[in-house]
Structures are given as structure tokens and as C-alpha cells.
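This is target.tsv (TSV, C-alpha atoms).
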chain	number	residue	atom	x	y	z
A	906	MET	CA	13.94	-0.59	19.13
A	907	ALA	CA	13.11	-1.59	15.55
A	908	ALA	CA	15.99	-1.71	13.08
A	909	THR	CA	15.93	0.79	10.23
A	910	LEU	CA	17.93	1.45	7.10
A	911	LYS	CA	18.65	4.98	8.24
A	912	ASP	CA	22.03	6.07	6.86
A	913	ALA	CA	23.34	2.48	6.99
A	914	THR	CA	24.27	2.52	3.31
A	915	ALA	CA	25.34	5.06	0.73
A	916	ILE	CA	25.37	5.55	-3.02
A	917	VAL	CA	29.03	5.90	-3.98
A	918	GLY	CA	28.97	5.60	-7.76
A	919	ILE	CA	26.72	6.69	-10.62
A	920	GLY	CA	26.97	6.11	-14.33
A	921	GLN	CA	24.99	6.67	-17.49
A	922	THR	CA	25.20	6.39	-21.25
A	923	ALA	CA	24.26	9.06	-23.73
A	924	PHE	CA	20.53	9.70	-24.15
A	925	ALA	CA	18.99	9.83	-27.60
A	926	LYS	CA	15.92	8.94	-29.59
A	927	ARG	CA	17.93	6.17	-31.23
A	928	LEU	CA	21.19	4.56	-30.11
A	929	PRO	CA	22.87	1.71	-32.05
A	930	SER	CA	23.90	-0.36	-29.00
A	931	THR	CA	21.79	-3.18	-27.57
A	932	GLU	CA	20.13	-2.81	-24.18
A	933	LYS	CA	22.69	-5.23	-22.72
A	934	GLU	CA	25.58	-3.16	-24.05
A	935	LEU	CA	24.03	0.03	-22.69
A	936	ALA	CA	23.44	-1.60	-19.30
A	937	CYS	CA	27.03	-2.80	-19.01
A	938	ARG	CA	28.45	0.58	-20.01
A	939	ALA	CA	26.36	2.38	-17.39
A	940	ILE	CA	27.27	-0.15	-14.69
A	941	LEU	CA	31.00	-0.05	-15.48
A	942	ALA	CA	30.89	3.75	-15.47
A	943	ALA	CA	29.21	3.73	-12.04
A	944	LEU	CA	31.81	1.29	-10.66
A	945	ALA	CA	34.65	3.42	-12.06
A	946	ASP	CA	33.04	6.47	-10.48
A	947	ALA	CA	33.08	4.68	-7.13
A	948	GLY	CA	36.56	3.22	-7.57
A	949	ILE	CA	35.28	-0.34	-7.09
A	950	ALA	CA	36.31	-3.30	-9.24
A	951	PRO	CA	33.53	-5.22	-11.04
A	952	SER	CA	34.75	-8.43	-9.39
A	953	GLU	CA	33.59	-7.07	-6.03
A	954	VAL	CA	29.93	-6.74	-7.08
A	955	ASP	CA	27.80	-9.33	-5.26
A	956	ALA	CA	24.29	-7.86	-5.53
A	957	PHE	CA	22.03	-6.64	-8.33
A	958	ALA	CA	18.61	-4.99	-8.47
A	959	SER	CA	16.56	-3.83	-11.41
A	960	TYR	CA	13.02	-3.77	-12.79
A	961	THR	CA	10.82	-6.68	-13.87
A	962	MET	CA	10.43	-4.79	-17.15
A	963	GLU	CA	14.21	-4.79	-17.63
A	964	GLU	CA	15.10	-6.86	-20.71
A	965	THR	CA	18.64	-7.54	-19.50
A	966	ASP	CA	19.16	-9.87	-16.52
A	967	GLU	CA	21.66	-10.23	-13.72
A	968	VAL	CA	23.08	-13.52	-15.07
A	969	GLU	CA	24.20	-12.00	-18.37
A	970	VAL	CA	25.18	-8.66	-16.88
A	971	ALA	CA	27.26	-10.29	-14.13
A	972	LYS	CA	29.17	-12.37	-16.70
A	973	ALA	CA	29.69	-9.44	-19.04
A	974	ILE	CA	31.10	-7.04	-16.44
A	975	GLY	CA	33.16	-9.71	-14.64
A	976	ALA	CA	31.31	-9.80	-11.33
A	977	GLY	CA	32.23	-12.37	-8.68
A	978	ASP	CA	29.84	-14.64	-6.81
A	979	VAL	CA	26.46	-12.94	-6.45
A	980	THR	CA	24.59	-13.42	-3.16
A	981	PHE	CA	21.57	-11.15	-3.66
A	982	PHE	CA	19.43	-10.21	-6.67
A	983	SER	CA	15.94	-8.79	-7.03
A	984	LYS	CA	13.63	-7.20	-9.56
A	985	VAL	CA	10.85	-4.74	-8.81
A	986	GLY	CA	7.57	-4.55	-10.70
A	987	TYR	CA	5.25	-1.84	-12.02
A	988	GLY	CA	7.46	-0.01	-14.46
A	989	GLY	CA	8.53	3.39	-13.20
A	990	GLY	CA	7.15	2.58	-9.76
A	991	GLY	CA	10.15	0.35	-9.16
A	992	SER	CA	12.98	2.84	-9.61
A	993	CYS	CA	13.65	3.85	-6.01
A	994	ALA	CA	12.82	0.37	-4.72
A	995	THR	CA	15.89	-1.01	-6.51
A	996	VAL	CA	18.00	1.18	-4.23
A	997	GLY	CA	15.89	0.26	-1.21
A	998	HIS	CA	16.27	-3.48	-1.84
A	999	LEU	CA	20.05	-3.22	-2.16
A	1000	ALA	CA	20.27	-1.01	0.93
A	1001	ALA	CA	18.35	-3.64	2.92
A	1002	ALA	CA	20.54	-6.47	1.60
A	1003	ILE	CA	23.77	-4.67	2.43
A	1004	ALA	CA	22.58	-3.43	5.83
A	1005	THR	CA	21.67	-7.00	6.81
A	1006	GLY	CA	24.90	-8.55	5.59
A	1007	GLN	CA	23.54	-10.39	2.56
A	1008	ALA	CA	25.85	-8.48	0.22
A	1009	THR	CA	28.62	-5.89	0.22
A	1010	VAL	CA	28.56	-4.11	-3.17
A	1011	GLY	CA	25.21	-3.61	-4.90
A	1012	VAL	CA	24.45	-2.36	-8.39
A	1013	ALA	CA	21.04	-1.06	-9.48
A	1014	TRP	CA	20.40	-0.31	-13.14
A	1015	ARG	CA	17.90	0.38	-15.88
A	1016	SER	CA	18.60	0.03	-19.59
A	1017	ARG	CA	15.96	0.87	-22.13
A	1018	LYS	CA	15.42	1.45	-25.84
A	1019	ARG	CA	12.05	3.13	-25.62
A	1020	GLY	CA	12.99	5.67	-28.27
A	1021	SER	CA	13.70	3.11	-30.97
A	1022	GLY	CA	11.91	0.08	-29.52
A	1023	PRO	CA	8.29	-1.11	-29.40
A	1024	ARG	CA	5.48	0.17	-27.16
A	1025	PRO	CA	4.42	-2.46	-24.63
A	1026	TRP	CA	0.69	-1.81	-25.20
A	1027	LYS	CA	0.86	-2.32	-28.99
A	1028	ASN	CA	0.83	-6.12	-28.83
A	1029	THR	CA	-2.81	-7.06	-29.36
A	1030	THR	CA	-2.18	-10.80	-29.68
A	1031	VAL	CA	-1.75	-11.45	-25.97
A	1032	GLN	CA	-4.54	-11.64	-23.42
A	1033	LEU	CA	-5.01	-8.42	-21.49
A	1034	PRO	CA	-3.89	-8.48	-17.86
A	1035	THR	CA	-6.77	-8.16	-15.43
A	1036	PRO	CA	-6.41	-4.37	-14.88
A	1037	GLY	CA	-6.32	-3.79	-18.63
A	1038	GLN	CA	-9.65	-5.54	-19.09
A	1039	TRP	CA	-11.25	-2.67	-17.17
A	1040	THR	CA	-9.55	0.11	-19.14
A	1041	ARG	CA	-8.45	-0.73	-22.68
A	1042	PRO	CA	-11.83	-1.81	-24.07
A	1043	PHE	CA	-13.12	1.62	-23.01
A	1044	GLY	CA	-10.50	3.62	-24.86
A	1045	LEU	CA	-7.77	3.94	-22.24
A	1046	LEU	CA	-5.14	2.33	-24.44
A	1047	ARG	CA	-1.98	4.07	-23.24
A	1048	PRO	CA	-0.68	5.36	-19.90
A	1049	ALA	CA	-1.30	8.88	-21.23
A	1050	ASP	CA	-5.02	8.09	-21.58
A	1051	GLU	CA	-5.25	6.83	-18.01
A	1052	ILE	CA	-3.36	9.76	-16.52
A	1053	GLY	CA	-5.35	12.13	-18.75
A	1054	MET	CA	-8.53	10.90	-17.07
A	1055	LEU	CA	-7.05	11.42	-13.59
A	1056	ALA	CA	-5.87	14.89	-14.63
A	1057	ARG	CA	-9.36	15.85	-15.81
A	1058	ARG	CA	-10.82	14.65	-12.50
A	1059	TYR	CA	-8.20	16.70	-10.62
A	1060	MET	CA	-8.98	19.80	-12.66
A	1061	HIS	CA	-12.70	19.36	-12.04
A	1062	GLU	CA	-12.38	18.91	-8.29
A	1063	TYR	CA	-9.69	21.46	-7.47
A	1064	GLY	CA	-9.71	24.06	-10.22
A	1065	ALA	CA	-6.32	23.16	-11.65
A	1066	THR	CA	-5.65	24.49	-15.15
A	1067	ARG	CA	-3.33	23.85	-18.04
A	1068	ASP	CA	-1.31	26.83	-16.79
A	1069	HIS	CA	-0.41	24.76	-13.73
A	1070	LEU	CA	0.68	21.85	-15.88
A	1071	PHE	CA	2.74	24.27	-17.96
A	1072	ASN	CA	4.54	25.38	-14.77
A	1073	VAL	CA	5.71	21.80	-14.31
A	1074	ALA	CA	6.79	21.34	-17.92
A	1075	MET	CA	8.59	24.68	-17.90
A	1076	ALA	CA	10.53	23.98	-14.70
A	1077	CYS	CA	11.81	20.68	-16.09
A	1078	ARG	CA	12.67	22.19	-19.47
A	1079	ASN	CA	14.54	25.09	-17.88
A	1080	ARG	CA	16.75	22.66	-15.98
A	1081	ALA	CA	17.34	20.54	-19.09
A	1082	ASN	CA	18.45	23.67	-20.92
A	1083	GLU	CA	21.36	23.80	-18.44
A	1084	ASN	CA	22.24	20.10	-18.74
A	1085	PRO	CA	24.40	19.14	-21.76
A	1086	ALA	CA	23.42	15.46	-21.31
A	1087	ALA	CA	19.70	16.20	-21.62
A	1088	MET	CA	17.81	15.45	-24.82
A	1089	MET	CA	16.22	18.90	-24.56
A	1090	TYR	CA	19.48	20.75	-23.92
A	1091	GLU	CA	19.38	24.20	-25.53
A	1092	ARG	CA	15.81	23.63	-26.70
A	1093	PRO	CA	13.72	26.24	-24.84
A	1094	LEU	CA	10.01	25.89	-24.18
A	1095	THR	CA	7.60	28.85	-24.21
A	1096	ARG	CA	4.04	29.18	-23.03
A	1097	GLU	CA	2.90	29.74	-26.60
A	1098	MET	CA	4.60	26.54	-27.74
A	1099	TYR	CA	2.98	24.63	-24.91
A	1100	MET	CA	-0.54	25.98	-25.38
A	1101	SER	CA	-0.53	25.51	-29.16
A	1102	SER	CA	0.99	22.00	-29.21
A	1103	ARG	CA	-1.07	19.00	-30.26
A	1104	MET	CA	-3.13	17.06	-27.77
A	1105	ILE	CA	-1.94	13.54	-26.95
A	1106	SER	CA	-4.81	12.66	-24.59
A	1107	ASP	CA	-6.91	15.62	-23.48
A	1108	PRO	CA	-6.01	17.51	-21.30
A	1109	LEU	CA	-2.43	16.29	-21.85
A	1110	CYS	CA	-0.61	17.92	-24.75
A	1111	LEU	CA	2.72	16.97	-26.27
A	1112	PHE	CA	4.74	18.72	-23.58
A	1113	ASP	CA	2.82	17.06	-20.73
A	1114	ASN	CA	4.29	13.72	-21.79
A	1115	CYS	CA	7.73	12.29	-21.12
A	1116	LEU	CA	10.36	11.79	-23.77
A	1117	GLU	CA	11.01	8.56	-25.67
A	1118	THR	CA	14.59	7.63	-24.93
A	1119	ASP	CA	17.31	5.08	-25.58
A	1120	GLY	CA	19.82	4.95	-22.74
A	1121	ALA	CA	20.91	3.35	-19.48
A	1122	LEU	CA	21.84	4.39	-15.95
A	1123	ALA	CA	23.26	2.66	-12.88
A	1124	CYS	CA	24.34	3.34	-9.32
A	1125	VAL	CA	26.53	1.55	-6.77
A	1126	ILE	CA	25.59	1.07	-3.11
A	1127	VAL	CA	27.83	-0.02	-0.23
A	1128	SER	CA	27.75	0.17	3.57
A	1129	ALA	CA	28.20	3.57	5.20
A	1130	GLU	CA	31.45	2.34	6.71
A	1131	ARG	CA	32.92	1.36	3.37
A	1132	ALA	CA	31.56	4.49	1.70
A	1133	ARG	CA	34.01	6.62	3.66
A	1134	ASP	CA	36.89	5.05	1.71
A	1135	CYS	CA	35.37	5.30	-1.76
A	1136	ARG	CA	36.40	7.72	-4.47
A	1137	GLN	CA	33.33	9.97	-4.28
A	1138	LYS	CA	31.54	11.82	-1.51
A	1139	PRO	CA	28.98	9.39	-0.01
A	1140	VAL	CA	25.28	10.09	-0.45
A	1141	TYR	CA	23.45	8.24	2.32
A	1142	VAL	CA	20.20	6.34	1.88
A	1143	HIS	CA	18.36	7.88	4.82
A	1144	SER	CA	14.95	6.27	4.30
A	1145	ALA	CA	13.28	4.03	1.73
A	1146	ALA	CA	9.68	2.97	1.19
A	1147	GLN	CA	7.31	1.25	-1.21
A	1148	GLY	CA	3.58	1.89	-1.48
A	1149	LEU	CA	0.66	-0.21	-2.69
A	1150	PRO	CA	-2.65	1.16	-1.31
A	1151	ALA	CA	-5.62	-1.02	-0.50
A	1152	GLN	CA	-7.87	-1.88	-3.46
A	1153	HIS	CA	-5.42	-0.27	-5.87
A	1154	HIS	CA	-6.03	-0.46	-9.61
A	1155	GLY	CA	-3.07	0.71	-11.70
A	1156	MET	CA	-3.14	4.31	-12.89
A	1157	VAL	CA	-6.89	4.85	-12.66
A	1158	ASN	CA	-7.55	3.78	-9.03
A	1159	TYR	CA	-11.06	2.64	-9.95
A	1160	TRP	CA	-11.80	0.91	-6.65
A	1161	ASN	CA	-10.39	3.51	-4.25
A	1162	ASP	CA	-12.73	5.74	-2.30
A	1163	ASP	CA	-10.60	8.63	-3.62
A	1164	PRO	CA	-8.91	8.00	-7.00
A	1165	LEU	CA	-6.69	11.05	-6.49
A	1166	SER	CA	-5.07	9.62	-3.35
A	1167	GLY	CA	-2.63	7.36	-5.14
A	1168	PRO	CA	0.26	5.15	-4.03
A	1169	ALA	CA	2.39	8.19	-3.10
A	1170	TRP	CA	0.29	8.65	0.02
A	1171	THR	CA	0.99	5.09	1.17
A	1172	ALA	CA	4.72	5.27	0.43
A	1173	ALA	CA	5.03	8.70	2.06
A	1174	ARG	CA	3.62	7.61	5.40
A	1175	HIS	CA	6.29	4.94	5.78
A	1176	LEU	CA	9.07	7.08	4.28
A	1177	TRP	CA	8.63	9.95	6.73
A	1178	LYS	CA	8.02	7.62	9.69
A	1179	GLN	CA	11.55	6.27	9.25
A	1180	ALA	CA	13.19	9.68	8.73
A	1181	ASP	CA	14.77	12.27	11.01
A	1182	PHE	CA	13.38	15.13	8.92
A	1183	GLY	CA	10.17	16.04	7.13
A	1184	PRO	CA	8.97	17.65	3.89
A	1185	ALA	CA	9.82	21.16	5.10
A	1186	ASP	CA	13.48	20.10	5.41
A	1187	VAL	CA	13.88	18.82	1.84
A	1188	ASP	CA	16.26	21.05	-0.13
A	1189	VAL	CA	15.58	19.61	-3.58
A	1190	ALA	CA	13.27	16.93	-5.01
A	1191	GLN	CA	13.42	14.63	-8.00
A	1192	ILE	CA	9.75	13.76	-8.56
A	1193	TYR	CA	8.70	11.18	-11.13
A	1194	ASP	CA	7.37	13.04	-14.14
A	1195	ALA	CA	6.23	10.68	-16.86
A	1196	PHE	CA	3.31	13.16	-17.10
A	1197	THR	CA	3.02	16.68	-15.68
A	1198	PRO	CA	-0.07	15.96	-13.49
A	1199	LEU	CA	2.00	13.49	-11.47
A	1200	ILE	CA	3.91	16.41	-9.96
A	1201	PRO	CA	0.98	18.14	-8.18
A	1202	LEU	CA	-0.41	14.74	-7.14
A	1203	SER	CA	2.99	13.80	-5.69
A	1204	LEU	CA	3.48	17.18	-3.98
A	1205	GLU	CA	0.29	16.45	-2.07
A	1206	GLY	CA	1.03	12.78	-1.44
A	1207	TYR	CA	4.49	13.45	-0.01
A	1208	GLY	CA	3.25	16.26	2.23
A	1209	PHE	CA	4.61	19.42	0.64
A	1210	CYS	CA	1.11	20.91	0.57
A	1211	GLY	CA	-2.47	20.00	1.45
A	1212	ARG	CA	-5.07	18.09	-0.53
A	1213	GLY	CA	-5.98	19.94	-3.72
A	1214	GLU	CA	-3.14	22.43	-3.27
A	1215	GLY	CA	-0.58	20.78	-5.56
A	1216	ALA	CA	-1.54	22.83	-8.60
A	1217	SER	CA	-1.36	26.18	-6.80
A	1218	PHE	CA	1.95	25.09	-5.24
A	1219	THR	CA	3.50	25.31	-8.73
A	1220	GLU	CA	2.72	29.03	-9.06
A	1221	GLY	CA	5.25	31.85	-8.72
A	1222	GLY	CA	8.28	29.82	-9.79
A	1223	ALA	CA	8.01	27.47	-6.82
A	1224	LEU	CA	9.53	24.56	-8.75
A	1225	GLU	CA	12.38	26.55	-10.25
A	1226	LEU	CA	15.86	27.12	-8.82
A	1227	GLY	CA	15.42	29.51	-5.91
A	1228	GLY	CA	11.78	28.50	-5.48
A	1229	ARG	CA	10.04	26.75	-2.60
A	1230	LEU	CA	11.03	23.30	-3.90
A	1231	PRO	CA	13.33	23.01	-6.91
A	1232	ILE	CA	12.47	19.81	-8.79
A	1233	ASN	CA	13.99	17.57	-11.45
A	1234	THR	CA	17.15	19.57	-11.72
A	1235	GLY	CA	18.55	17.51	-14.59
A	1236	GLY	CA	15.36	17.94	-16.60
A	1237	GLY	CA	13.53	14.80	-15.47
A	1238	GLY	CA	11.60	12.43	-17.67
A	1239	LEU	CA	9.95	15.36	-19.41
A	1240	SER	CA	13.12	16.99	-20.68
A	1241	GLU	CA	16.31	15.07	-19.81
A	1242	ALA	CA	15.48	11.44	-20.61
A	1243	TYR	CA	12.78	8.92	-19.83
A	1244	VAL	CA	14.44	5.76	-18.50
A	1245	HIS	CA	11.73	4.78	-16.03
A	1246	GLY	CA	12.90	7.38	-13.52
A	1247	PHE	CA	16.42	6.15	-12.88
A	1248	ASN	CA	17.91	9.48	-14.00
A	1249	LEU	CA	16.12	11.06	-11.03
A	1250	ILE	CA	18.15	8.86	-8.65
A	1251	ASN	CA	21.44	9.82	-10.25
A	1252	GLU	CA	20.47	13.49	-10.31
A	1253	GLY	CA	19.68	13.35	-6.59
A	1254	VAL	CA	23.18	12.03	-5.99
A	1255	LYS	CA	24.69	14.82	-8.09
A	1256	GLN	CA	22.81	17.45	-6.10
A	1257	LEU	CA	24.13	16.15	-2.78
A	1258	ARG	CA	27.64	15.85	-4.18
A	1259	GLY	CA	27.37	19.44	-5.39
A	1260	THR	CA	27.98	18.52	-9.04
A	1261	SER	CA	24.60	19.11	-10.71
A	1262	THR	CA	24.39	21.31	-13.78
A	1263	ALA	CA	21.60	23.16	-11.96
A	1264	GLN	CA	22.98	23.03	-8.45
A	1265	VAL	CA	20.84	24.00	-5.46
A	1266	PRO	CA	23.24	25.85	-3.12
A	1267	ASP	CA	24.26	23.76	-0.07
A	1268	ALA	CA	21.76	21.01	-0.86
A	1269	ALA	CA	21.93	18.41	1.93
A	1270	THR	CA	18.63	16.53	1.60
A	1271	CYS	CA	16.83	15.19	-1.46
A	1272	LEU	CA	13.58	13.30	-2.03
A	1273	VAL	CA	13.49	10.97	-5.03
A	1274	THR	CA	10.17	9.40	-6.03
A	1275	ALA	CA	9.09	6.68	-8.41
A	1276	GLY	CA	5.99	6.55	-10.58
A	1277	GLU	CA	2.78	7.83	-9.05
A	1278	GLY	CA	-0.37	6.05	-10.23
A	1279	VAL	CA	1.23	2.61	-9.97
A	1280	PRO	CA	2.62	0.72	-6.95
A	1281	THR	CA	5.49	3.03	-6.16
A	1282	SER	CA	8.63	3.67	-4.12
A	1283	ALA	CA	10.67	6.57	-2.80
A	1284	ILE	CA	13.97	7.29	-1.10
A	1285	LEU	CA	15.33	10.10	1.00
A	1286	LEU	CA	18.97	10.91	0.37
A	1287	ARG	CA	21.23	12.80	2.74
A	1288	ALA	CA	24.65	14.32	2.19
Can you present the structure in this file as C-alpha cells?
Amino acid sequence: MAATLKDATAIVGIGQTAFAKRLPSTEKELACRAILAALADAGIAPSEVDAFASYTMEETDEVEVAKAIGAGDVTFFSKVGYGGGGSCATVGHLAAAIATGQATVGVAWRSRKRGSGPRPWKNTTVQLPTPGQWTRPFGLLRPADEIGMLARRYMHEYGATRDHLFNVAMACRNRANENPAAMMYERPLTREMYMSSRMISDPLCLFDNCLETDGALACVIVSAERARDCRQKPVYVHSAAQGLPAQHHGMVNYWNDDPLSGPAWTAARHLWKQADFGPADVDVAQIYDAFTPLIPLSLEGYGFCGRGEGASFTEGGALELGGRLPINTGGGGLSEAYVHGFNLINEGVKQLRGTSTAQVPDAATCLVTAGEGVPTSAILLRA
């Protein structure tokens, strides 16, 4: 029988800094604060950390972080590419390392000053990467432009409307309104505000785009056996997957037979194959939401509805508390903070601990996804 990661490890600590448009601390300082908070949450000393995982886009590195927090000898470290697509994979990599005995205490983190820092696509002095040579000369300068094109294709093929995208934005904002840590706390969104807001990249308006945030988050992973003795209720990593479909071309999927079948479909097949439950058994989901159209695309990719049904799935309050699938219960990237999706991991843990500010009653299973449109990852968490 093939070995799996099923419930072999657990997230036992989570930590975060404040979220804001502008924070005075450096990214290294923010990273260390989030990591130390996560270790304190778990009741584990920094000297016990022997594994790290983060993103290739992370400006801080494990060498400096390990020294700053006082870690011991480190026996495993990895970084995952493709921006927001790497979020859940950081947890998956650490789970694999710990389950196979390469490490005992793993820390995953993301620290970012996107609110006050530069935009990665603004540097015109460097040669474009190969994918960019097929998009930027034709006006697709920003991720919003690329996703805007996919959204227009989706609307054309399946009859989705801006009302469906508003359903996504509204669900995330409603949850942020309940979360004191969210940037959009106590800042309601109305349909009139949404429909009259300025366009960023048609059909995506201001509220279809994620926030610009300074902040950091981290989580701590140990074996299931050790998790039983930690300070917090363990949240088990039930399944983990990454997805890079054949002939993929970041965001726009130019070479795929179907541009709307993105990396989520590839990740989902492996994720569910390794799991003891399916989409119908998921109590709450934290779905990567850099842009509202990613939600209906992900709902389809991860099997919550059929092809072309993601937009209609959002109707009737389906994404709200008490709906068919409550999502992004901390507010997500649209309304809590945009830190390349790591806040979705921590929010999933809070739900299964029963400590979320928008708690789903008796939540026992949670799907967390990384960025759709780029090589992606996902994890299933179980209480």
C-alpha cells in the first residue's frame, strides 16, 4: 500500500502581525514576529525548530530567520514558486518532511510589504520572463489584466455576470466586518458601491481585486503524535497536493485546450484521491481570492459544482455563513489581508479549533486552496 501524508502531521501553532496598508517594520521583523507568535501559540521553543518552508518570492530567507529567532540545527528547508500558488505547498512540504523523519518541528511563513512596497511588474529594465513575452506586449501588464481576460471568457461561455462576482466580494466583506484583525473590519460593502466603483481591468472593478497589505503570518507543524501534547487543539493535515497542468501558461492558459480548466483541476484530482472524504463533506472552505473570478473557477475545479456552474453556485447566499459552502471566513485576500494566501491557512486552523470570528458551527473539515491561474496547491484540514 502506498504511503500517504494522511493525518500524519498537524498544525499546532499559528501567528500573525497586524495588517495595514503601511507598517514601519521590515519584512524580516514582521516574519520573525509572526513565527515567534506561532511558536508561542504552540508552546514550542524556537530552539526546537529544524525545518522551514516559504515562497520563492519571499524576501526573507531561512538563514537569517533561523538566526534571528534562535532556531537550532536545521535539517530541511524549501521554497515554493509561483506567488500565491505556493501557499498551501509550504505546509505540504513540511508535512512530508516531518512524516518521513527529515525534521520534527516545521515553520511555514510569508512576510510581505505589498501595501507600501513596489509592484513586481513595474521594473521595465529587466528582460521579460518567457510567459510575459506573450502577454505584456499585448497590454496584459498586471495579474488583474490577465484574470480580467479569463473572466470575460468565462462570462461569454457560461453567462456569468457581475452580480455573481459581487456575491463573492460581498461574502468576503461580510466576514471581514466580523473580524477585528481585518483591514476591512467595520467597512461594509453594498451592491451600489460595487456596481459604481471604478474599473481596474474590465470586467474587474475595484472590489474584485485583493487588498494591498503589509503583514506576515506563520504556522507550526509537528507529527500527529507530538501534536497531542501541544498547547492547542491539533488541526491535522489530511491531504496535500500541488497542480501544474500540461502545457500550462501562467494566468492565461494560452496553450491549453480549455483555458478555463486551470491548475485547480490538476491539484484537486490528487487531493481528493488521497482523502477519506469528498467535496460534499467539506464544512468550510478558504479559497484563494486575489480576484473574485477565481472563486467560481475554483468551485468547479475542486468539485463543488459542475463545469460552468461556479457562478450560479454563488447565488442565494451560498458562500455566506449558513450557506452551502461558507468561504473565506476571516475576509480572505479581498477583505482581510492579501499576504499571498497565507491568512487562508491560518483561518482554516481557527475554524477547526472553533475560534474564528465567523465560526461555522461544529466545523470539522476545511479545504484551503492556493492561487488559481498559476501552478497551485491545496490542503485538506481535519479537526
Cut-off 10 Å around (24.5, 7.2, 0.2) with all atoms listed in the file: residues as a list in words: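 Selection result: Asp912, Ala913, Thr914, Ala915, Ile916, Val917, Gly918, Val996, Ala1000, Val1125, Ile1126, Val1127, Ser1128, Ala1129, Ala1132, Lys1138, Pro1139, Val1140, Tyr1141, Val1142, His1143, Val1254, Leu1257, Leu1285, Leu1286, Arg1287 and Ala1288 of chain A.
In terms of minimum interatomic distance to Leu928 in chain A, A:Gly1022 ranks closest within A:Pro951, A:Gly1276, A:Gly1011, A:Gly1022, counting only C-alpha atoms.
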Residue nearest Met1100 in chain A - candidates A:Met1075, A:Gly920, A:Asn1233, A:Gly977, atoms counted: all atoms listed in the file: A:Met1075
Per residue of range 927-995 of chain A within 12 Å of range 1169-1173 of chain A, record the nearest atom pair and its distance in Å to one decimal, counting all atoms listed in the file, with rows in chain order and ascending residue number, as JSON lines.
{"residue": "A:Gly990", "atom": "CA", "partner": "A:Ala1169", "partner_atom": "CA", "distance": 9.9}
{"residue": "A:Cys993", "atom": "CA", "partner": "A:Ala1172", "partner_atom": "CA", "distance": 11.1}
{"residue": "A:Ala994", "atom": "CA", "partner": "A:Ala1172", "partner_atom": "CA", "distance": 10.8}
Can you tell me, as a PDB file with C-alpha atoms, keeping the file's coordinate frame, what residues are no more than 12 Å from Thr1035 in chain A when counting all atoms listed in the file, ignoring any on the same chain fewer than 4 positions away?
ATOM      1  CA  TRP A1039     -11.250  -2.670 -17.170  1.00  0.00           C
ATOM      2  CA  THR A1040      -9.550   0.110 -19.140  1.00  0.00           C
ATOM      3  CA  ARG A1041      -8.450  -0.730 -22.680  1.00  0.00           C
ATOM      4  CA  PRO A1042     -11.830  -1.810 -24.070  1.00  0.00           C
ATOM      5  CA  HIS A1154      -6.030  -0.460  -9.610  1.00  0.00           C
ATOM      6  CA  GLY A1155      -3.070   0.710 -11.700  1.00  0.00           C
TER       7      GLY A1155
END
Closest contacts (range 1192-1242 of chain A/range 1076-1099 of chain A, max 8 Å, all atoms listed in the file) as a tab-separated table:
residue	atom	partner	partner_atom	distance
A:Gly1222	CA	A:Ala1076	CA	8.0
A:Leu1224	CA	A:Ala1076	CA	6.1
A:Glu1225	CA	A:Ala1076	CA	5.5
A:Ile1232	CA	A:Cys1077	CA	7.4
A:Asn1233	CA	A:Cys1077	CA	6.0
A:Thr1234	CA	A:Arg1080	CA	5.3
A:Gly1235	CA	A:Ala1081	CA	5.6
A:Gly1236	CA	A:Ala1081	CA	4.1
A:Gly1237	CA	A:Cys1077	CA	6.2
A:Leu1239	CA	A:Cys1077	CA	6.5
A:Ser1240	CA	A:Met1089	CA	5.3
A:Glu1241	CA	A:Ala1087	CA	4.0
A:Ala1242	CA	A:Met1088	CA	6.3
Coordinates-based distance that separates CA of Glu1214 in chain A from CA of Ala1065 in chain A (Å, one decimal): 9.0 Å
CA of Ala1056 in chain A to CA of Pro1108 in chain A, distance in Å rounded to a single decimal: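 Interatomic distance, CA of Ala1056 in chain A to CA of Pro1108 in chain A: 7.2 Å.
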Best match for closeness to Cys1124 in chain A among A:Leu999, A:Ala950, A:Val968, A:Ala973, counting all atoms listed in the file: A:Leu999
Near range 1178-1185 of chain A, 10 Å: range 1136-1163 of chain A residue rows, closest pairs, only C-alpha atoms, as a Markdown table:
| residue | atom | partner | partner_atom | distance |
| --- | --- | --- | --- | --- |
| A:His1143 | CA | A:Ala1180 | CA | 6.7 |
| A:Ser1144 | CA | A:Ala1180 | CA | 5.9 |
| A:Ala1145 | CA | A:Gln1179 | CA | 8.0 |
| A:Ala1146 | CA | A:Gln1179 | CA | 8.9 |
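Here the selection is built from only C-alpha atoms, and the residues within 7 Å of (6.9, 9.9, -14.2) turn out to be A:Gly989, A:Tyr1193, A:Asp1194, A:Ala1195, A:Phe1196, A:Leu1199, A:Gly1238, A:Gly1246, A:Ala1275, A:Gly1276, A:Glu1277.
Rounded to one decimal, CA of Thr1219 in chain A and CA of Leu1122 in chain A lie 28.7 Å from each other.
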Who sits within 10 Å of Glu1220 in chain A, all atoms listed in the file, same chain under 2 positions skipped, as a PyMOL selection string: chain A and resi 1068-1069+1072-1073+1215-1218+1222-1224+1228
Mind dumping the selected residues with C-alpha atoms as a PDB file, keeping the file's coordinate frame?
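In the end it all went to result-v1.pdb:
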ATOM      1  CA  ASP A1068      -1.310  26.830 -16.790  1.00  0.00           C
ATOM      2  CA  HIS A1069      -0.410  24.760 -13.730  1.00  0.00           C
ATOM      3  CA  ASN A1072       4.540  25.380 -14.770  1.00  0.00           C
ATOM      4  CA  VAL A1073       5.710  21.800 -14.310  1.00  0.00           C
ATOM      5  CA  GLY A1215      -0.580  20.780  -5.560  1.00  0.00           C
ATOM      6  CA  ALA A1216      -1.540  22.830  -8.600  1.00  0.00           C
ATOM      7  CA  SER A1217      -1.360  26.180  -6.800  1.00  0.00           C
ATOM      8  CA  PHE A1218       1.950  25.090  -5.240  1.00  0.00           C
ATOM      9  CA  GLY A1222       8.280  29.820  -9.790  1.00  0.00           C
ATOM     10  CA  ALA A1223       8.010  27.470  -6.820  1.00  0.00           C
ATOM     11  CA  LEU A1224       9.530  24.560  -8.750  1.00  0.00           C
ATOM     12  CA  GLY A1228      11.780  28.500  -5.480  1.00  0.00           C
TER      13      GLY A1228
END
For Leu1149 in chain A, the nearest of the candidates A:Asp1119, A:Pro1280, A:Tyr1063, A:Asn1248, counting all atoms listed in the file: A:Pro1280
Counting all atoms listed in the file, the option among A:Ala1123, A:Leu1226, A:Ala1283, A:Leu1070 closest to Ile1200 in chain A: A:Leu1070
Using only C-alpha atoms: which of A:Ala945, A:Cys1115, A:Ile940, A:Ala976 has the shortest distance to Cys1135 in chain A: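 Of A:Ala945, A:Cys1115, A:Ile940, A:Ala976, the one nearest Cys1135 in chain A, counting only C-alpha atoms, is A:Ala945.
Residues in contact with Val1157 in chain A at up to 10 Å, not including ones fewer than 3 positions away on its chain and judged by all atoms listed in the file, are A:Pro1036, A:Trp1039, A:Thr1040, A:Leu1045, A:Pro1048, A:Asp1050, A:Glu1051, A:Ile1052, A:Gly1053, A:Met1054, A:Leu1055, A:His1153, A:His1154, A:Trp1160, A:Asn1161, A:Pro1164, A:Leu1165, A:Gly1167, A:Gly1278, A:Val1279.
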Kindly compute an axis-aligned box around the listed atoms of range 1139-1149 of chain A, allowing 5 Å on each side, and express its centre and edge lengths in Å to one decimal as lines of an AutoDock Vina configuration file.
center_x = 14.8
center_y = 4.9
center_z = 1.1
size_x = 38.3
size_y = 20.3
size_z = 17.5
